[in-house]
Amino acid sequence: MCGIVGFAGKKEALPILLDGLERLEYRGYDSAGVAVVSLDGDLQVKKSKGRLSVLREILDTQSPLSGNIGIGHTRWATHGEPNDTNAHPHVGQEGKIAVVHNGIIENYLEIKKSLIRKGIVFSSDTDTEVIVQLLEYYYRKKSNLMDAVYAVLNRIKGAYAMGILCSDNPGQMIAARKDAPLLIGYGEDGNYIASDVTALLAHTRTVTYMEDDEVAVITADDVQIFDRDRFQLEKEKHEIEWDVSAAEKGGYAHFMLKEIMEQPEAVRKTISPRLADGEIVLEELRDAKELMKNISRIYIVACGSAYHVGMVGKYALEKMMHIPVEACLASEFRYSEPILGESSLVIIISQSGETLDSMAALREAKRRGSKVLSIVNVMGSSIARESDYVLYTWAGPEIAVATTKAYTTQMVLLLMFGVYLAKQLDRMEQEEYMAVTRGLQELPEKISIVLSDIDHYQKAASRYFNHNSVFYIGRNLDYALGLEGSLKLKEISYIHSESYAAGELKHGTISLIEHGTLVVALATYEPLVEKSLSNIVEVKSRGAEVIAMTTELTASLIGSQASEMFVIPKTHSLLQSVLGVIPLQLFAYYVALNRGCDIDKPRNLAKSVTVE
Ligand code: M6R
């Protein structure tokens, strides 16, 4: 949520900032801005409402902001509507200090009131402006920028990742972090800050992750990092494996389509290092043998699509292990007083590893004495670092706001974990174990088969894109799958869509089914196909138009009742959802394309949700 980039080096900062912001735009895109300081201390700021392209156009018409040090920001509004004034960077009333900030300052009103009483005039509605006004206020009193920074950090409450420039210190950029991601990049021509590694891949892959309460002083040649007591720290550097091309569109019209098409490879990369001679080997859990033996309950906690993976996990893991598994929304989990203890395992699933609700759930779980295993895509992210055990999905950078390859790799990894644990606990017959592991090995190939039918899903979307309301129905694993299909459709096409457990329809929702209502009926979970068929007949006899998805085994049975069929290859029934989600992603993508939507950057959304 919101993107920050900063550079202190030996080159002009502006092109680097704009390039970085372009790569970060998926984090927020309602306004953008940059600030650059020249060697003689001229602080120049340009910002504007709208996409980065608007800012670029404005900058093109003016003499360029010149200087080797700068900060940039792309915004997802929390406090104050998206407009030029509320865009970052914010500058204090003396025009000396500029700040970009991600997160929320919870006590901003109280600070704002006290500064107004001291005669300080605010120009924006943002919480961020209190940071910069307070900084200038303390700087005036203390005449030392670092003293002022620490005074501000002691005063503000809430979450922040911030970049600070001061015209009196033109060679220096300051960064600070608490509960919002921020990393430092070390390049040949200078040093960087960014909220997300994708902003830096074109310049460097050597990074340090800032921890909560750390403050960094960054110049062209040096990076110094301090803790909350101002002791200097020796921090570890990490090498990022992602390639810069992985974060580019590579000829596709949208990142979403590229990422859908990358799924065979992403799934292969996630599975193959963990399968040796037909055995699932989770090296990451080598030290967890004792814990694994004693697990009596699993909570899978996540948000959005990652929660939908958790729903698949609930059904599948219970079948594999015969212990209770609950899927919980992270935003609810920590307020629900979960009954946790040493024999409960909490699994947090997150692509970004930065989702605030998931992070808070993780901390709550640890506070209540449970071990936390996370399934995360972004290496070194906050959730990964705070978990007891981490399983990384090797999906590569995911840029489109609507998740696709992260979802499938999360699901594959969760299922692998389930099979692994079932084996450890002696809950799965050897024959079944071998059938699932065989199924896992075949998944990338079968995903490619589904993708080869892309034209079919495109045509279906062009037939149905005009519907204003769509229902997804399914039972058991198909219900979990429908939740994701429905979310995919609504978030990028803005069509109202709901997902229901098919057997639940008759308890109320069926009253909404009328002539022409579009129902996507999912019947891929073989043990319940006949029951799903009855539900299809129920909606059809009330006039619904039905798109049915099933496997090649049951296509003729289901096909007799549907106006449109999505037929996918058969795999092990516990893995079927991995294949089932692909047509739903493609359908949503092409529906949104037909409706002229901004697919990679849907309205009101952002890729990484770091506010509560
Ligand atoms: O980064 P995370 O996996 O924690 O993100 C969780 C959700 O915000 C995310 O899955 C969201 O629902 C996507 N936009 C869905 O496509």
# chains A, B, ... in the order shown; residues from 1 in each chain; ligands from 1
>>> residues_near_ligand(ligand="ligand 1", cutoff="9 Å", atoms="only C-alpha atoms and all ligand atoms", output="ChimeraX atom specification")
/A:302-308,348-359,376-378,400-404,406-407,484,487-488,491-492,605-609
>>> select_by_dssp(residues="region 315-501 of chain A", states="strand (DSSP E or B)", output="count of residues only")
34
>>> closest_residue(among="A:Asp60, A:Glu432, A:Asp40, A:Glu326", to="Leu14 (chain A)", atoms="only C-alpha atoms")
A:Asp60
>>> residues_around(residues="Gly580 (chain A)", least_positions_apart="4", cutoff="9 Å", atoms="only C-alpha atoms", output="list of chain:residue names")
A:Val450, A:Asp478, A:Leu481, A:Leu522, A:Thr524, A:Met549, A:Thr550, A:Thr551, A:Ile568, A:Gln576, A:Leu584
>>> residues_around(residues="Glu25 (chain A)", least_positions_apart="6", cutoff="8 Å", atoms="only C-alpha atoms", output="list of chain:residue names")
A:Cys2, A:Gly3, A:Leu52, A:Thr74
>>> closest_residue(among="A:Asp222, A:Ala521, A:Val412, A:Pro397", to="Gly313 (chain A)", atoms="only C-alpha atoms")
A:Val412
>>> residues_around(residues="Val470 (chain A)", least_positions_apart="3", cutoff="10 Å", atoms="only C-alpha atoms", output="mmCIF file with N, CA and C atoms, in the first residue's frame")
data_model
loop_
_atom_site.group_PDB
_atom_site.id
_atom_site.type_symbol
_atom_site.label_atom_id
_atom_site.label_comp_id
_atom_site.auth_asym_id
_atom_site.auth_seq_id
_atom_site.Cartn_x
_atom_site.Cartn_y
_atom_site.Cartn_z
ATOM 1 N N TYR A 464 -20.392 -13.675 -22.151
ATOM 2 C CA TYR A 464 -21.046 -13.427 -20.855
ATOM 3 C C TYR A 464 -20.657 -12.117 -20.170
ATOM 4 N N HIS A 467 -23.172 -9.541 -18.213
ATOM 5 C CA HIS A 467 -23.987 -9.825 -17.023
ATOM 6 C C HIS A 467 -23.601 -8.875 -15.883
ATOM 7 N N ILE A 473 -21.227 -21.336 -7.550
ATOM 8 C CA ILE A 473 -21.669 -22.329 -6.576
ATOM 9 C C ILE A 473 -20.803 -23.585 -6.655
ATOM 10 N N SER A 486 -14.998 -16.042 -7.738
ATOM 11 C CA SER A 486 -15.867 -14.884 -7.581
ATOM 12 C C SER A 486 -15.063 -13.625 -7.260
ATOM 13 N N LEU A 489 -13.286 -12.334 -10.341
ATOM 14 C CA LEU A 489 -14.173 -11.629 -11.275
ATOM 15 C C LEU A 489 -14.513 -10.238 -10.757
ATOM 16 N N LYS A 490 -14.925 -10.162 -9.482
ATOM 17 C CA LYS A 490 -15.419 -8.861 -9.010
ATOM 18 C C LYS A 490 -14.295 -7.839 -8.889
ATOM 19 N N ILE A 495 -17.985 -6.539 -11.671
ATOM 20 C CA ILE A 495 -19.312 -7.174 -11.730
ATOM 21 C C ILE A 495 -19.634 -7.694 -10.335
ATOM 22 N N HIS A 496 -20.865 -7.458 -9.902
ATOM 23 C CA HIS A 496 -21.251 -8.000 -8.593
ATOM 24 C C HIS A 496 -21.257 -9.523 -8.675
ATOM 25 N N SER A 497 -20.601 -10.144 -7.737
ATOM 26 C CA SER A 497 -20.520 -11.595 -7.792
ATOM 27 C C SER A 497 -20.429 -12.158 -6.377
ATOM 28 N N GLU A 498 -21.079 -13.308 -6.176
ATOM 29 C CA GLU A 498 -21.056 -13.959 -4.863
ATOM 30 C C GLU A 498 -20.746 -15.432 -5.045
ATOM 31 N N SER A 499 -20.205 -16.016 -4.005
ATOM 32 C CA SER A 499 -19.941 -17.445 -4.057
ATOM 33 C C SER A 499 -20.704 -18.129 -2.926
ATOM 34 N N ILE A 513 -32.159 -16.012 -7.983
ATOM 35 C CA ILE A 513 -31.973 -16.625 -9.306
ATOM 36 C C ILE A 513 -33.230 -16.400 -10.135
ATOM 37 N N THR A 517 -30.034 -15.169 -15.050
ATOM 38 C CA THR A 517 -28.954 -15.001 -14.053
ATOM 39 C C THR A 517 -27.800 -15.947 -14.413
ATOM 40 N N LEU A 518 -26.584 -15.415 -14.366
ATOM 41 C CA LEU A 518 -25.445 -16.274 -14.697
ATOM 42 C C LEU A 518 -24.935 -16.990 -13.447
ATOM 43 N N VAL A 519 -24.865 -18.311 -13.540
ATOM 44 C CA VAL A 519 -24.342 -19.118 -12.434
ATOM 45 C C VAL A 519 -23.145 -19.917 -12.950
ATOM 46 N N VAL A 520 -22.029 -19.782 -12.255
ATOM 47 C CA VAL A 520 -20.862 -20.606 -12.587
ATOM 48 C C VAL A 520 -20.862 -21.762 -11.583
ATOM 49 N N GLU A 545 -28.649 -19.164 -16.421
ATOM 50 C CA GLU A 545 -27.748 -19.619 -17.473
ATOM 51 C C GLU A 545 -26.542 -20.207 -16.757
#
>>> closest_residue(among="A:Leu17, A:Leu345, A:Val372, A:Ala360", to="Glu332 (chain A)", atoms="only C-alpha atoms")
A:Ala360
>>> residues_around(residues="Asn594 (chain A)", least_positions_apart="4", cutoff="8 Å", atoms="only C-alpha atoms", output="MDAnalysis selection string")
chainID A and resid 461:462 465 590
>>> write_last_selection(atoms="C-alpha atoms", output="CSV table (one decimal), in the first residue's frame")
chain,number,residue,atom,x,y,z
A,461,ALA,CA,-16.0,-14.3,-21.6
A,462,SER,CA,-17.1,-12.5,-24.8
A,465,PHE,CA,-19.3,-10.2,-20.1
A,590,TYR,CA,-11.2,-11.7,-20.4
>>> residues_around(residues="Glu81 (chain A)", least_positions_apart="5", cutoff="9 Å", atoms="only C-alpha atoms", output="compact mmCIF listing (two decimals) with N, CA and C atoms, in the first residue's frame")
# COMPACT_ATOMS: atom_id res chain seq x y z
N ASN A 86 -2.72 16.45 -1.20
CA ASN A 86 -2.54 15.30 -0.30
C ASN A 86 -1.47 14.33 -0.80
N ASP A 125 -4.74 17.24 4.20
CA ASP A 125 -5.61 16.52 5.15
C ASP A 125 -4.93 15.24 5.63
N THR A 126 -3.68 15.07 5.32
CA THR A 126 -3.04 13.76 5.59
C THR A 126 -2.49 13.66 7.01
>>> closest_residue(among="A:Ile97, A:Val390, A:Met256, A:Ile347", to="Ser370 (chain A)", atoms="only C-alpha atoms")
A:Ile347
>>> closest_residue(among="A:Ile193, A:Cys166, A:Cys597, A:Ala216", to="Leu21 (chain A)", atoms="only C-alpha atoms")
A:Ile193
>>> atom_distance(atom1="CA of Arg228 (chain A)", atom2="CA of Ile69 (chain A)")
25.0 Å
>>> atom_distance(atom1="CA of Arg286 (chain A)", atom2="CA of Ser344 (chain A)")
18.2 Å
>>> atom_distance(atom1="CA of Thr571 (chain A)", atom2="CA of Tyr479 (chain A)")
17.8 Å
